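Enquirer: Structure below; questions to follow.
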Amino acid sequence: MEFSSPSMGLSRLRDNVIVRLVAYYTGAFLFFVFIGALFPSVVEYVDLERARVARGFEALGGPGGETGFPFEAPNGIEALLTPERSIPVLLSMIGALALALPVAWIYTWTSPNPKTRQGIARTLLVLPIAIALVVFLVKGSLALAFSLAGIVAAVRFRASLTDTTDAVFLFVVIGIGLSAGVQLMAVAFIGSVVFAAITLTVWRTRFAEHPAHLEGFQLLRSHPEVPWPPTASGEGSVHGASGNQNAPTLFLIHSGDPERARQLADLVFGRYAKEWALARVAEEERGTTVLEFSVKLKKKSDPDTVIRVLRATGGAFIEDVESRWGNPGT
């Protein structure tokens with residue numbers, strides 16, 4: 001009989017991404033509402049900044065080709081020390097950071113590529129702050145169009161995005177930064193919440209993982225590249241480099257959901273192994289399935305590390321992992 005303590009229940013509740021995101025967005029919303037209620041002048045400063053931008057755009061399209069603002073704006077130290085100018089800048093940058101943080105969280109939770117996960121996640125966090133600052137400086141002038149072009153070009157500066165999903169996340173935080181820079185925090189808030197909900201839904205439903213294909217006017221169910229279940233001979237598909245180098249390590253994965261366990265194993269072995277193959281699948285007496293993989297690890301990898309990663313990421317569908325030396329089936 002299994003017993004659960006209150007601390008375990010709180011831990012599971014804290015680790016639930018839906019609960020965590022709802023709590024975070026609610027806290028962020030209440031924080032800005034509290035700031036507005038406690039300091040009414042802050043709301044006035046934001047409204048004045050929004051009105052200044054609107055008058056600036058009217059001047060840009062006004063008669064005679066005027067390109068200046070209809071009033072004299074403070075510059076230098078004077079602008080820095082003026083509350084009606086400095087407070088909107090501060091709120092824009094704080095809001096951009098607060099609403100980009102859950103987007104960065106979702107990227108780290110759902111990204112399948114561990115090599116680019118850290119760098120892109122950090123970019124998602126700081127990029128909207130920079131964009132909000134740049135937009136705040138150039139909005140209401142003809143330079144805005146050129147600055148936006150520069151922002152888009154900077155996304156590929158000295159880096160090439162290998163996954164289109166990474167580009168989508170970057171465009172979302174760009175939108176958050178732009179909204180914060182023009183004092184439209186409601187747009188940034190709604191965009192962040194909707195994007196988080198849609199991304200988690202797509203991830204949870206595994207959309208287009210094994211899509212059907214069209215044959216005439218009939219949809220036919222497609223099959224994964226690796227046959228499932230494996231053939232009766234026990235031959236699985238081989239991934240990675242070929243060649244007979246060192247003796248393989250046998251990994252035995254005990255699981256109640258063998259298909260998900262196989263998919264996770266492919267992801268983990270793709271990082272730590274040069275070559276791996278599903279050698280044997282067998283039903284156990286307790287109702288679980290054992291998947292036996294023949295794996296040639298990379299030089300800097302070891303079986304204990306692979307076992308720890310499989311156990312940590314396997315969740316409820318991997319019950320145990322063990323390793324052996326020798327030939328498959330022994």
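The chains in the structure tokens are called A, B, ... from first to last as shown; in each chain the residues are counted from 1, and the ligands are counted from 1 in the order shown.
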Which polymer residues have any atom within 7 Å of an atom of Val281 of chain A, counting only C-alpha atoms, with same-chain residues fewer than 6 positions away left out, as a ChimeraX atom specification?

Expert: /A:290-292

Enquirer: For N, CA and C atoms, I'd like the residues from the last selection saved as a short mmCIF file (atom, residue, chain, number, x, y, z; two decimals), in the first residue's frame.

Expert:
data_model
loop_
_atom_site.label_atom_id
_atom_site.label_comp_id
_atom_site.auth_asym_id
_atom_site.auth_seq_id
_atom_site.Cartn_x
_atom_site.Cartn_y
_atom_site.Cartn_z
N VAL A 290 9.20 -5.16 -21.06
CA VAL A 290 10.61 -4.83 -20.99
C VAL A 290 11.13 -4.64 -22.41
N LEU A 291 11.77 -3.51 -22.66
CA LEU A 291 12.36 -3.21 -23.95
C LEU A 291 13.87 -3.29 -23.80
N GLU A 292 14.49 -4.11 -24.61
CA GLU A 292 15.93 -4.32 -24.54
C GLU A 292 16.60 -3.63 -25.72
#

Enquirer: Find the residues around segment 193-208 of chain A up to 12 Å (only C-alpha atoms counted), leave out those fewer than 5 positions away in its own chain, and share them as a PyMOL selection string.

Expert: chain A and resi 16-18+20-26+28-29+98-112+165+168-169+171-173+175-176+186-188+213+221-224+260

Enquirer: Suppose you want the space between atom CA of Ser86 of chain A and atom CA of Leu48 of chain A; what is it in Å?

Expert: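 According to the coordinates, atom CA of Ser86 of chain A and atom CA of Leu48 of chain A are separated by 12.1 Å.
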
Enquirer: Would you kindly return, as a PyMOL selection string, each protein, DNA or RNA residue with an atom no farther than 8 Å from any atom of Gln183 of chain A, considering only C-alpha atoms and excluding same-chain residues fewer than 2 positions away?

Expert: chain A and resi 46+49-50+88+92+179-181+185

Enquirer: Tell me which protein, DNA and RNA residues are within 10 Å of segment 265-271 of chain A, counting only C-alpha atoms, leaving out same-chain ones fewer than 3 positions away, and put them as a PyMOL selection string.

Expert: chain A and resi 112-115+239-240+251+253+259-262+274-278+291+293+295-298+301+306-307+309-310+313-314

Enquirer: Would you compute the distance between atom CA of Pro303 of chain A and atom CA of Ile120 of chain A? Give it in Å to one decimal.

Expert: 29.1 Å

Enquirer: By how many Å are atom CA of Val182 of chain A and atom CA of Arg122 of chain A apart?

Expert: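 Here the two named atoms are 23.3 Å from each other.
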
Enquirer: Using only C-alpha atoms, find the one residue out of A:Leu184, A:Ser323, A:Ala279, A:Thr123 that sits nearest to Leu250 of chain A.

Expert: A:Ser323

Enquirer: Which residue gives the smallest distance to Gly191 of chain A among A:Ala96, A:Lys299, A:Gly256, A:Thr288, with only C-alpha atoms counted?

Expert: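 Comparing A:Ala96, A:Lys299, A:Gly256, A:Thr288 against Gly191 of chain A, the winner is A:Ala96.
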